[in-house]
Structures are given as C-alpha cells and as structure tokens.
$ cat upload-v1.cif   # mmCIF, C-alpha atoms and all ligand atoms
data_final
#
loop_
_atom_site.label_atom_id
_atom_site.label_comp_id
_atom_site.auth_asym_id
_atom_site.auth_seq_id
_atom_site.Cartn_x
_atom_site.Cartn_y
_atom_site.Cartn_z
CA MET A 98 62.40 104.82 106.62
CA THR A 99 64.55 105.88 109.55
CA GLU A 100 63.65 105.84 113.21
CA ALA A 101 65.13 108.93 114.83
CA LYS A 102 66.31 107.22 118.07
CA THR A 103 69.69 108.93 117.94
CA ILE A 104 70.94 112.44 118.36
CA PRO A 105 70.11 114.67 115.42
CA GLN A 106 73.02 115.39 113.11
CA HIS A 107 71.72 118.89 112.37
CA VAL A 108 69.61 121.05 114.68
CA ALA A 109 68.20 124.39 113.48
CA ILE A 110 66.78 126.94 115.92
CA ILE A 111 64.51 129.96 115.45
CA MET A 112 65.65 131.96 118.47
CA ASP A 113 62.51 134.00 119.11
CA GLY A 114 61.11 135.97 122.05
CA ASN A 115 63.93 138.29 123.11
CA GLY A 116 61.72 141.38 122.84
CA ARG A 117 58.93 139.87 124.93
CA TRP A 118 61.43 138.70 127.55
CA ALA A 119 62.69 142.30 127.89
CA ARG A 120 59.20 143.78 127.91
CA GLU A 121 58.13 141.46 130.74
CA ARG A 122 60.96 142.97 132.78
CA GLY A 123 60.40 146.56 131.74
CA LEU A 124 63.75 146.57 129.92
CA PRO A 125 64.64 147.88 126.44
CA ARG A 126 64.43 145.23 123.68
CA ILE A 127 68.21 145.18 123.23
CA GLU A 128 68.56 143.82 126.79
CA GLY A 129 66.50 140.85 125.59
CA HIS A 130 68.90 140.34 122.70
CA ARG A 131 71.84 140.55 125.09
CA ALA A 132 70.31 137.88 127.34
CA GLY A 133 69.54 135.89 124.18
CA SER A 134 73.21 135.84 123.25
CA ASP A 135 73.91 134.11 126.59
CA SER A 136 71.42 131.40 125.61
CA ALA A 137 73.13 131.07 122.22
CA ARG A 138 76.49 130.57 123.93
CA GLU A 139 75.08 127.91 126.25
CA ILE A 140 73.30 126.02 123.46
CA VAL A 141 76.36 126.05 121.17
CA THR A 142 78.46 124.52 123.94
CA ALA A 143 75.78 121.96 124.83
CA ALA A 144 75.28 120.95 121.18
CA GLY A 145 79.01 120.36 120.79
CA GLU A 146 79.20 118.27 123.98
CA ILE A 147 76.25 116.12 122.96
CA GLY A 148 77.74 115.38 119.54
CA VAL A 149 75.41 117.36 117.28
CA LYS A 150 77.44 117.99 114.10
CA TYR A 151 75.63 121.07 112.72
CA LEU A 152 73.74 123.79 114.57
CA THR A 153 72.03 126.53 112.57
CA LEU A 154 70.88 129.57 114.54
CA TYR A 155 68.43 132.02 112.96
CA ALA A 156 69.95 135.21 114.32
CA PHE A 157 68.63 137.86 111.90
CA SER A 158 66.14 137.49 109.08
CA ILE A 159 66.10 139.54 105.92
CA GLU A 160 62.71 140.87 107.09
CA ASN A 161 64.25 141.98 110.41
CA TRP A 162 65.68 145.01 108.53
CA ARG A 163 62.12 146.38 108.80
CA ARG A 164 62.71 147.02 112.51
CA PRO A 165 63.65 150.48 113.78
CA ARG A 166 67.18 151.47 112.89
CA GLU A 167 68.04 151.79 116.55
CA GLU A 168 67.30 148.10 117.11
CA THR A 169 69.02 146.78 113.97
CA SER A 170 72.17 148.82 114.68
CA ALA A 171 72.28 147.62 118.27
CA LEU A 172 71.78 144.03 117.09
CA MET A 173 74.63 144.35 114.60
CA ARG A 174 76.94 145.74 117.27
CA LEU A 175 75.96 142.87 119.54
CA LEU A 176 76.66 140.40 116.70
CA THR A 177 80.14 141.82 116.08
CA LYS A 178 80.94 141.69 119.78
CA PHE A 179 79.66 138.10 120.05
CA LEU A 180 81.76 137.01 117.05
CA LYS A 181 84.86 138.54 118.60
CA ASP A 182 84.34 137.51 122.23
CA GLU A 183 83.42 133.92 121.38
CA ILE A 184 86.65 133.03 119.56
CA PRO A 185 88.37 131.45 122.63
CA THR A 186 85.23 129.47 123.54
CA LEU A 187 84.75 128.31 119.95
CA HIS A 188 88.36 127.07 119.93
CA LYS A 189 88.03 125.43 123.32
CA ASN A 190 84.97 123.54 122.09
CA ASN A 191 86.46 122.79 118.64
CA VAL A 192 83.63 124.70 116.90
CA ARG A 193 83.87 125.90 113.31
CA LEU A 194 81.86 129.00 112.42
CA GLU A 195 79.93 129.35 109.17
CA ALA A 196 77.24 131.78 107.99
CA ILE A 197 74.36 131.82 105.52
CA GLY A 198 72.34 134.73 104.18
CA ARG A 199 72.87 137.95 102.25
CA LEU A 200 76.02 138.70 104.22
CA ALA A 201 76.81 141.76 102.09
CA ASP A 202 73.81 143.46 103.76
CA LEU A 203 75.60 143.46 107.13
CA PRO A 204 77.49 146.56 108.27
CA GLU A 205 81.18 146.46 107.50
CA HIS A 206 82.24 145.92 111.13
CA SER A 207 80.10 142.75 111.28
CA GLN A 208 81.26 141.48 107.88
CA LYS A 209 84.90 141.93 108.88
CA GLN A 210 84.56 140.20 112.23
CA LEU A 211 82.51 137.41 110.66
CA ALA A 212 85.21 136.81 108.05
CA GLU A 213 87.89 136.83 110.76
CA THR A 214 86.04 134.43 113.11
CA ARG A 215 85.31 132.09 110.20
CA ARG A 216 88.96 132.20 109.16
CA VAL A 217 90.39 131.43 112.59
CA THR A 218 87.93 128.62 113.34
CA ALA A 219 88.01 127.04 109.86
CA LYS A 220 90.18 124.10 110.96
CA ASN A 221 88.08 123.13 113.98
CA THR A 222 86.57 119.69 113.52
CA GLY A 223 83.76 119.43 116.11
CA LEU A 224 80.43 121.20 115.77
CA THR A 225 79.79 123.44 112.75
CA LEU A 226 77.89 126.49 113.96
CA ILE A 227 75.98 128.15 111.11
CA LEU A 228 74.62 131.64 111.77
CA ALA A 229 71.72 132.71 109.54
CA LEU A 230 72.24 136.45 109.06
CA SER A 231 70.15 138.66 106.81
CA TYR A 232 68.75 135.28 105.83
CA GLY A 233 65.50 134.64 103.99
CA GLY A 234 64.43 131.29 102.56
CA ARG A 235 62.85 132.87 99.50
CA THR A 236 65.82 135.17 98.89
CA GLU A 237 68.07 132.11 99.09
CA MET A 238 65.99 130.46 96.36
CA VAL A 239 66.12 133.62 94.23
CA ASP A 240 69.92 133.66 94.53
CA GLY A 241 70.03 129.95 93.70
CA VAL A 242 67.82 130.27 90.64
CA ARG A 243 70.02 133.09 89.35
CA LYS A 244 73.09 130.84 89.65
CA ILE A 245 71.36 128.00 87.82
CA ALA A 246 70.05 130.33 85.10
CA THR A 247 73.58 131.64 84.55
CA GLU A 248 74.91 128.07 84.18
CA VAL A 249 72.20 127.33 81.61
CA ARG A 250 72.84 130.55 79.69
CA GLU A 251 76.56 129.80 79.56
CA GLY A 252 75.89 126.30 78.25
CA ARG A 253 77.28 124.42 81.26
CA LEU A 254 73.91 122.96 82.23
CA ARG A 255 70.89 121.79 80.22
CA PRO A 256 67.41 122.46 81.70
CA GLU A 257 66.59 118.73 81.67
CA GLN A 258 69.65 118.07 83.87
CA ILE A 259 68.20 120.18 86.70
CA ASN A 260 67.12 117.98 89.59
CA GLU A 261 66.77 118.23 93.39
CA GLU A 262 70.55 117.92 93.82
CA THR A 263 71.15 120.84 91.43
CA ILE A 264 68.78 123.01 93.41
CA ALA A 265 70.18 121.97 96.81
CA ALA A 266 73.67 122.72 95.49
CA SER A 267 72.63 126.23 94.45
CA LEU A 268 71.56 127.19 97.99
CA TYR A 269 73.65 128.82 100.74
CA THR A 270 73.46 125.50 102.59
CA SER A 271 75.01 123.43 99.78
CA SER A 272 77.71 121.97 102.02
CA PHE A 273 75.46 121.12 104.98
CA PRO A 274 72.93 118.30 105.46
CA ASP A 275 69.23 119.19 105.90
CA PRO A 276 68.17 119.83 109.51
CA ASP A 277 66.81 116.80 111.38
CA LEU A 278 65.22 118.88 114.12
CA LEU A 279 63.86 122.44 114.06
CA ILE A 280 63.26 124.17 117.39
CA ARG A 281 61.30 127.41 117.72
CA THR A 282 61.04 129.28 121.00
CA SER A 283 58.34 131.74 122.17
CA GLY A 284 55.44 129.63 120.93
CA GLU A 285 54.93 131.05 117.44
CA MET A 286 53.73 128.35 115.05
CA ARG A 287 55.41 129.54 111.86
CA LEU A 288 58.62 129.22 109.87
CA SER A 289 59.17 132.96 109.30
CA ASN A 290 60.99 132.30 106.01
CA PHE A 291 63.59 129.97 107.58
CA LEU A 292 65.18 127.14 105.55
CA LEU A 293 62.09 126.60 103.38
CA TRP A 294 63.69 124.07 101.03
CA GLN A 295 65.77 122.28 103.66
CA THR A 296 63.00 121.59 106.22
CA SER A 297 60.78 119.45 103.96
CA TYR A 298 61.15 116.44 106.32
CA THR A 299 62.53 118.11 109.43
CA GLU A 300 60.97 117.23 112.80
CA ILE A 301 59.54 120.33 114.49
CA TRP A 302 59.59 121.12 118.21
CA ILE A 303 58.00 124.33 119.52
CA THR A 304 58.18 125.62 123.07
CA PRO A 305 56.49 128.64 124.69
CA THR A 306 59.76 129.43 126.50
CA LEU A 307 61.23 132.76 125.40
CA TRP A 308 64.71 132.44 123.88
CA PRO A 309 66.63 134.10 126.79
CA ASP A 310 65.11 131.46 129.11
CA PHE A 311 65.93 128.56 126.77
CA ARG A 312 68.92 126.81 128.27
CA LYS A 313 70.59 123.39 128.25
CA PRO A 314 67.94 121.43 130.24
CA GLU A 315 65.20 122.34 127.77
CA PHE A 316 67.50 121.69 124.81
CA LEU A 317 68.05 118.17 126.20
CA LYS A 318 64.27 117.79 126.50
CA ALA A 319 63.85 118.64 122.81
CA LEU A 320 66.53 116.10 121.86
CA GLU A 321 64.88 113.49 124.06
CA ASP A 322 61.54 114.11 122.34
CA TYR A 323 63.25 113.84 118.94
CA ARG A 324 64.57 110.40 119.89
CA LYS A 325 60.99 109.17 120.26
CA ARG A 326 59.85 110.39 116.87
CA GLN A 327 59.35 108.07 114.00
CA ARG A 328 60.50 109.53 110.73
CA ARG A 329 58.66 107.99 107.83
CA PHE A 330 59.63 110.21 104.89
CA GLY A 331 56.36 109.27 103.20
CA GLY A 332 56.79 105.52 103.79
CA VAL A 333 54.79 103.30 106.14
CA GLU A 334 55.34 102.23 109.74
CA PRO A 335 57.09 98.88 110.11
CA THR A 336 54.69 96.10 111.13
C1 LIG B 1 64.28 137.16 118.27
O1 LIG B 1 63.57 137.89 119.22
C2 LIG B 1 65.54 137.85 117.82
C3 LIG B 1 65.46 138.45 116.49
C4 LIG B 1 64.46 138.31 115.65
C5 LIG B 1 66.60 139.24 116.06
P1 LIG B 1 62.54 139.02 118.82
O2 LIG B 1 63.27 140.33 118.79
O3 LIG B 1 61.81 138.68 117.58
O4 LIG B 1 61.58 138.98 120.07
P2 LIG B 1 60.00 139.14 120.08
O5 LIG B 1 59.45 138.17 119.09
O6 LIG B 1 59.73 140.56 119.70
O7 LIG B 1 59.62 138.81 121.49
C1 LIG B 2 62.25 135.06 113.21
O1 LIG B 2 61.72 135.80 114.26
C2 LIG B 2 63.63 135.55 112.89
C3 LIG B 2 64.65 135.27 113.90
C4 LIG B 2 64.50 134.60 115.00
C5 LIG B 2 65.95 135.81 113.60
P1 LIG B 2 60.79 137.07 114.00
O2 LIG B 2 60.43 137.61 115.33
O3 LIG B 2 61.46 138.01 113.06
O4 LIG B 2 59.55 136.41 113.27
P2 LIG B 2 58.05 136.91 113.10
O5 LIG B 2 58.11 138.31 112.58
O6 LIG B 2 57.41 136.83 114.44
O7 LIG B 2 57.45 135.93 112.14
MG MG B 3 60.08 137.65 117.25
#

$ encode --input "upload-v1.cif" --output "structure tokens"
Amino acid sequence: MTEAKTIPQHVAIIMDGNGRWARERGLPRIEGHRAGSDSAREIVTAAGEIGVKYLTLYAFSIENWRRPREETSALMRLLTKFLKDEIPTLHKNNVRLEAIGRLADLPEHSQKQLAETRRVTAKNTGLTLILALSYGGRTEMVDGVRKIATEVREGRLRPEQINEETIAASLYTSSFPDPDLLIRTSGEMRLSNFLLWQTSYTEIWITPTLWPDFRKPEFLKALEDYRKRQRRFGGVEPT
C-alpha cells in the first residue's frame, strides 16, 4: 500500500475538447487545436518545473483517422510545426521527447520531424515527454502479442514463461513506469482506448474544462487532489 502524498512520477493526459472550444467561439476546429497546442506547451513546462518525471499526452488516437481528411492533415501539419518550434524550449527545460503509437501511420513530414526532435533531445535528463500519436491501447496489445508470438515460435520463450512483465515489456511503453495520475479534460467519462494495460491502478481526475482552457493553475489543482488520494492497490486502509 502506498499513500500518494507526493507528486506523481508519471502523469498521462487525454487532451480533449479542442473542437468544442472552437465551436463556442464560432471558429474552425483547427483553431481549437492550435489553442490546444499552447496548453500543451504550458503543461509540459509546468510538469518539468514541478518535478514530474514522465508526462504522456494523448495527441492523436488511432481512431482519430476517422475524422475528415481536412482535419487530420491540418493536425499533422500542426504536429510537425510544434515538434520543430518546441526544440529550444525543450532544451531550455531539459525535456526529452519520446513517442508511442503506430508512428509509421504519420505523414512523412511528421515522422521526420519526430525522429529529429527525439534525436536532438535524447540526452536531456529532466522530464520525459511522451506523445501518443496514432495510438490505440488495443492496437498496442495486438503489436505486443505479435512480438511475443514470434519469440515463442522462434524458441526464445516458452508459453509458461509469459507473465505480466513479459506483456508489459512487449508494449510501446516498455521503458516507462505506469501512470500514477490520468487527467481527462472536457468532462467525458471514458478512456477512449488510452493506455488500457498501464492504467490498471492509475488515479483518475476528470475536469469539464476544455483542453485549450486547461492551464497551469488547474494542473496544480489536479496534483493537489492526487496528493490526498489513498492508493490501496487492492489492500486495506491502515488502522
Ligand atoms: C482533442 O480535441 C484533440 C484530438 C482528439 C486530436 P477534440 O478534437 O476531440 O475536441 P472535441 O472533443 O471535438 O471538442
Ligand atoms: C481522445 O479524444 C483522443 C485524444 C485526445 C487524442 P477523442 O475526442 O478522440 O475521444 P472520443 O471520440 O470522444 O471518445
Ligand atoms: Mg474529443
């Protein structure tokens, strides 16, 4: 049993509500995504300052490809621009960039810039920022099971050796700890296929605030609330 009390080591965020934020203002959806990237910048900096070690941002789900081509293309252009423009700020804040998801689905300009930003920030030792891109929790498990099945077929692994560690190691997140705190903006009460395996004991915090309006003060509120949680992991409260 662990009492949370401290700052979470790993925070994961479902950044939702950009479209509604734009609609409320009579703007095109992409303007909501643009404003959302300002929130992302602010939260990355805040997380680093506070001493969070890992921040995973759900930026684009594998299901988001179902959106009109106009929106997905604009989002990908925005992503590439963000990855390029943020390099000086990432360095200044000692942030290392990582990514999870079916990255080969991204357009070439995004893949190239992602590889470049990862390369140049690889030696930073502060916060690890993990972008979930073309990410789906079930797809991640499919990819993991394929890897494990290949190991078994090639005789490197026996089925009875498969345990929770084997499965965790087969996922995109193999080198990161599980999230301690999951934040979702815009009030939706669902996971939307995000980190299904990794969130088994994650504390959840949901706010009606739309992502472009989610800034540092509310992030601090979420962390403060986390500190008061008691994490039991199936055990009992201390008497
Ligand atoms: C989140 O905002 C960003 C992405 C999913 C890329 P949405 O675009 O889902 O905004 P709403 O939910 O339509 O308001
Ligand atoms: C989840 O938001 C995905 C991201 C924030 C990238 P969605 O807007 O795609 O989720 P649903 O469709 O409302 O479940
Ligand atoms: Mg949404």

$ atom_distance --input "upload-v1.cif" --atom1 "atom CA of A:Ser136" --atom2 "atom CA of A:Arg199"
24.3 Å

$ residues_near_ligand --input "upload-v1.cif" --ligand "ligand LIG 2 (chain B)" --cutoff "6 Å" --atoms "only C-alpha atoms and all ligand atoms" --output "list in words"
Ile111, Met112, Asp113, Tyr155, Ala156, Phe157, Ser158, Asn161 and Ser289 of chain A

$ residues_near_ligand --input "upload-v1.cif" --ligand "ligand MG 3 (chain B)" --cutoff "12 Å" --atoms "only C-alpha atoms and all ligand atoms" --output "number ranges by chain"
A: 111-119, 126, 129-130, 133, 155-158, 160-161, 164, 281-289, 307-308

$ residues_near_point --input "upload-v1.cif" --point "(84.8, 124.8, 123.0)" --cutoff "9 Å" --atoms "all atoms listed in the file" --output "list of chain:residue names"
A:Val141, A:Thr142, A:Gly145, A:Glu146, A:Pro185, A:Thr186, A:Leu187, A:His188, A:Lys189, A:Asn190, A:Asn191, A:Val192, A:Gly223

$ residues_around --input "upload-v1.cif" --residues "A:Ser170" --least-positions-apart "3" --cutoff "12 Å" --atoms "only C-alpha atoms" --output "list in words"
Ile127, Phe157, Asn161, Trp162, Arg163, Arg164, Pro165, Arg166, Glu167, Met173, Arg174, Leu175, Leu176, Thr177, Leu203, Pro204, Glu205, His206 and Ser207 of chain A

$ write_last_selection --input "upload-v1.cif" --atoms "C-alpha atoms" --output "PDB file, keeping the file's coordinate frame"
ATOM      1  CA  ILE A 127      68.210 145.180 123.230  1.00  0.00           C
ATOM      2  CA  PHE A 157      68.630 137.860 111.900  1.00  0.00           C
ATOM      3  CA  ASN A 161      64.250 141.980 110.410  1.00  0.00           C
ATOM      4  CA  TRP A 162      65.680 145.010 108.530  1.00  0.00           C
ATOM      5  CA  ARG A 163      62.120 146.380 108.800  1.00  0.00           C
ATOM      6  CA  ARG A 164      62.710 147.020 112.510  1.00  0.00           C
ATOM      7  CA  PRO A 165      63.650 150.480 113.780  1.00  0.00           C
ATOM      8  CA  ARG A 166      67.180 151.470 112.890  1.00  0.00           C
ATOM      9  CA  GLU A 167      68.040 151.790 116.550  1.00  0.00           C
ATOM     10  CA  MET A 173      74.630 144.350 114.600  1.00  0.00           C
ATOM     11  CA  ARG A 174      76.940 145.740 117.270  1.00  0.00           C
ATOM     12  CA  LEU A 175      75.960 142.870 119.540  1.00  0.00           C
ATOM     13  CA  LEU A 176      76.660 140.400 116.700  1.00  0.00           C
ATOM     14  CA  THR A 177      80.140 141.820 116.080  1.00  0.00           C
ATOM     15  CA  LEU A 203      75.600 143.460 107.130  1.00  0.00           C
ATOM     16  CA  PRO A 204      77.490 146.560 108.270  1.00  0.00           C
ATOM     17  CA  GLU A 205      81.180 146.460 107.500  1.00  0.00           C
ATOM     18  CA  HIS A 206      82.240 145.920 111.130  1.00  0.00           C
ATOM     19  CA  SER A 207      80.100 142.750 111.280  1.00  0.00           C
TER      20      SER A 207
END

$ residues_around --input "upload-v1.cif" --residues "A:Pro314" --least-positions-apart "6" --cutoff "12 Å" --atoms "only C-alpha atoms" --output "list in words"
Ser136, Glu139, Ile140, Ala143, Ala144, Leu320 and Glu321 of chain A

$ residues_around --input "upload-v1.cif" --residues "A:Val242" --least-positions-apart "6" --cutoff "10 Å" --atoms "only C-alpha atoms" --output "list in words"
Thr236, Glu248, Ile264, Ser267 and Leu268 of chain A

$ closest_residue --input "upload-v1.cif" --among "A:Thr270, A:Thr218, A:Gln210, A:Asn290" --to "ligand LIG 1 (chain B)" --atoms "only C-alpha atoms and all ligand atoms"
A:Asn290

$ residues_around --input "upload-v1.cif" --residues "A:Ala212" --least-positions-apart "3" --cutoff "10 Å" --atoms "all atoms listed in the file" --output "ChimeraX atom specification"
/A:180,194-196,207-209,215-217

$ axis_aligned_box --input "upload-v1.cif" --around "stretch 319-332 of chain A" --padding-each-side "6 Å" --output "AutoDock Vina command-line options"
--center_x 61.4 --center_y 112.1 --center_z 113.6 --size_x 22.2 --size_y 25.1 --size_z 32.9

$ closest_residue --input "upload-v1.cif" --among "A:Glu315, A:Thr299, A:Pro305, A:Arg243" --to "ligand LIG 1 (chain B)" --atoms "all atoms listed in the file"
A:Pro305

$ atom_distance --input "upload-v1.cif" --atom1 "atom CA of A:Phe273" --atom2 "atom CA of A:Gly198"
14.0 Å

$ atom_distance --input "upload-v1.cif" --atom1 "atom CA of A:Ala171" --atom2 "atom CA of A:Ile110"
21.5 Å

$ closest_residue --input "upload-v1.cif" --among "A:Pro105, A:Pro125, A:Pro335, A:Pro256" --to "ligand LIG 1 (chain B)" --atoms "all atoms listed in the file"
A:Pro125

$ decode --input "upload-v1.cif" --residues "stretch 116-127 of chain A" --atoms "all heavy atoms" --output "mmCIF file, in the first residue's frame"
data_model
loop_
_atom_site.group_PDB
_atom_site.id
_atom_site.type_symbol
_atom_site.label_atom_id
_atom_site.label_comp_id
_atom_site.auth_asym_id
_atom_site.auth_seq_id
_atom_site.Cartn_x
_atom_site.Cartn_y
_atom_site.Cartn_z
ATOM 1 N N GLY A 116 -12.264 20.898 -30.223
ATOM 2 C CA GLY A 116 -13.315 21.198 -31.205
ATOM 3 C C GLY A 116 -14.440 22.014 -30.586
ATOM 4 O O GLY A 116 -14.905 23.004 -31.180
ATOM 5 N N ARG A 117 -14.858 21.613 -29.380
ATOM 6 C CA ARG A 117 -15.926 22.347 -28.699
ATOM 7 C C ARG A 117 -15.485 23.766 -28.336
ATOM 8 O O ARG A 117 -16.256 24.713 -28.432
ATOM 9 C CB ARG A 117 -16.379 21.584 -27.434
ATOM 10 C CG ARG A 117 -17.373 20.494 -27.755
ATOM 11 C CD ARG A 117 -17.462 19.486 -26.646
ATOM 12 N NE ARG A 117 -16.332 18.541 -26.702
ATOM 13 C CZ ARG A 117 -16.100 17.611 -25.799
ATOM 14 N NH1 ARG A 117 -16.888 17.495 -24.745
ATOM 15 N NH2 ARG A 117 -15.087 16.786 -25.942
ATOM 16 N N TRP A 118 -14.240 23.906 -27.950
ATOM 17 C CA TRP A 118 -13.696 25.239 -27.615
ATOM 18 C C TRP A 118 -13.805 26.149 -28.840
ATOM 19 O O TRP A 118 -14.224 27.307 -28.725
ATOM 20 C CB TRP A 118 -12.237 25.084 -27.186
ATOM 21 C CG TRP A 118 -11.569 26.338 -26.716
ATOM 22 C CD1 TRP A 118 -11.493 26.801 -25.429
ATOM 23 C CD2 TRP A 118 -10.864 27.292 -27.541
ATOM 24 N NE1 TRP A 118 -10.786 27.976 -25.392
ATOM 25 C CE2 TRP A 118 -10.390 28.306 -26.670
ATOM 26 C CE3 TRP A 118 -10.579 27.388 -28.893
ATOM 27 C CZ2 TRP A 118 -9.651 29.402 -27.122
ATOM 28 C CZ3 TRP A 118 -9.853 28.481 -29.353
ATOM 29 C CH2 TRP A 118 -9.397 29.473 -28.474
ATOM 30 N N ALA A 119 -13.468 25.617 -30.016
ATOM 31 C CA ALA A 119 -13.531 26.414 -31.251
ATOM 32 C C ALA A 119 -14.987 26.718 -31.608
ATOM 33 O O ALA A 119 -15.324 27.856 -31.954
ATOM 34 C CB ALA A 119 -12.843 25.661 -32.387
ATOM 35 N N ARG A 120 -15.839 25.697 -31.486
ATOM 36 C CA ARG A 120 -17.243 25.890 -31.852
ATOM 37 C C ARG A 120 -17.893 26.986 -31.005
ATOM 38 O O ARG A 120 -18.615 27.823 -31.510
ATOM 39 C CB ARG A 120 -18.026 24.579 -31.728
ATOM 40 C CG ARG A 120 -19.333 24.629 -32.525
ATOM 41 C CD ARG A 120 -20.103 23.335 -32.469
ATOM 42 N NE ARG A 120 -20.326 22.943 -31.079
ATOM 43 C CZ ARG A 120 -20.384 21.682 -30.663
ATOM 44 N NH1 ARG A 120 -20.221 20.697 -31.513
ATOM 45 N NH2 ARG A 120 -20.612 21.405 -29.390
ATOM 46 N N GLU A 121 -17.576 26.982 -29.708
ATOM 47 C CA GLU A 121 -18.132 28.009 -28.812
ATOM 48 C C GLU A 121 -17.779 29.423 -29.277
ATOM 49 O O GLU A 121 -18.437 30.379 -28.929
ATOM 50 C CB GLU A 121 -17.571 27.830 -27.389
ATOM 51 C CG GLU A 121 -18.230 26.717 -26.618
ATOM 52 C CD GLU A 121 -17.603 26.537 -25.226
ATOM 53 O OE1 GLU A 121 -16.663 27.285 -24.863
ATOM 54 O OE2 GLU A 121 -18.071 25.620 -24.515
ATOM 55 N N ARG A 122 -16.680 29.527 -30.006
ATOM 56 C CA ARG A 122 -16.217 30.840 -30.472
ATOM 57 C C ARG A 122 -16.516 31.088 -31.941
ATOM 58 O O ARG A 122 -16.033 32.065 -32.517
ATOM 59 C CB ARG A 122 -14.705 30.957 -30.228
ATOM 60 C CG ARG A 122 -14.385 31.133 -28.775
ATOM 61 C CD ARG A 122 -12.945 30.797 -28.443
ATOM 62 N NE ARG A 122 -12.743 30.975 -27.011
ATOM 63 C CZ ARG A 122 -13.175 30.139 -26.070
ATOM 64 N NH1 ARG A 122 -13.799 29.032 -26.401
ATOM 65 N NH2 ARG A 122 -12.981 30.400 -24.792
ATOM 66 N N GLY A 123 -17.223 30.153 -32.555
ATOM 67 C CA GLY A 123 -17.528 30.276 -33.974
ATOM 68 C C GLY A 123 -16.302 30.158 -34.862
ATOM 69 O O GLY A 123 -16.255 30.705 -35.969
ATOM 70 N N LEU A 124 -15.298 29.427 -34.379
ATOM 71 C CA LEU A 124 -14.037 29.275 -35.138
ATOM 72 C C LEU A 124 -13.962 27.877 -35.753
ATOM 73 O O LEU A 124 -14.605 26.943 -35.265
ATOM 74 C CB LEU A 124 -12.842 29.462 -34.190
ATOM 75 C CG LEU A 124 -12.668 30.830 -33.535
ATOM 76 C CD1 LEU A 124 -11.604 30.761 -32.440
ATOM 77 C CD2 LEU A 124 -12.292 31.879 -34.582
ATOM 78 N N PRO A 125 -13.141 27.685 -36.787
ATOM 79 C CA PRO A 125 -12.932 26.332 -37.311
ATOM 80 C C PRO A 125 -12.225 25.457 -36.269
ATOM 81 O O PRO A 125 -11.445 25.962 -35.439
ATOM 82 C CB PRO A 125 -12.053 26.545 -38.549
ATOM 83 C CG PRO A 125 -11.590 27.948 -38.525
ATOM 84 C CD PRO A 125 -12.424 28.720 -37.562
ATOM 85 N N ARG A 126 -12.479 24.135 -36.327
ATOM 86 C CA ARG A 126 -11.928 23.210 -35.321
ATOM 87 C C ARG A 126 -10.415 23.332 -35.180
ATOM 88 O O ARG A 126 -9.874 23.228 -34.076
ATOM 89 C CB ARG A 126 -12.292 21.759 -35.676
ATOM 90 C CG ARG A 126 -13.768 21.451 -35.566
ATOM 91 C CD ARG A 126 -14.040 19.995 -35.968
ATOM 92 N NE ARG A 126 -13.286 19.054 -35.145
ATOM 93 C CZ ARG A 126 -13.691 18.591 -33.959
ATOM 94 N NH1 ARG A 126 -14.865 18.963 -33.479
ATOM 95 N NH2 ARG A 126 -12.952 17.759 -33.286
ATOM 96 N N ILE A 127 -9.731 23.569 -36.290
ATOM 97 C CA ILE A 127 -8.264 23.620 -36.237
ATOM 98 C C ILE A 127 -7.767 24.751 -35.328
ATOM 99 O O ILE A 127 -6.702 24.641 -34.707
ATOM 100 C CB ILE A 127 -7.641 23.693 -37.654
ATOM 101 C CG1 ILE A 127 -6.107 23.528 -37.619
ATOM 102 C CG2 ILE A 127 -8.040 24.944 -38.409
ATOM 103 C CD1 ILE A 127 -5.628 22.166 -37.175
#
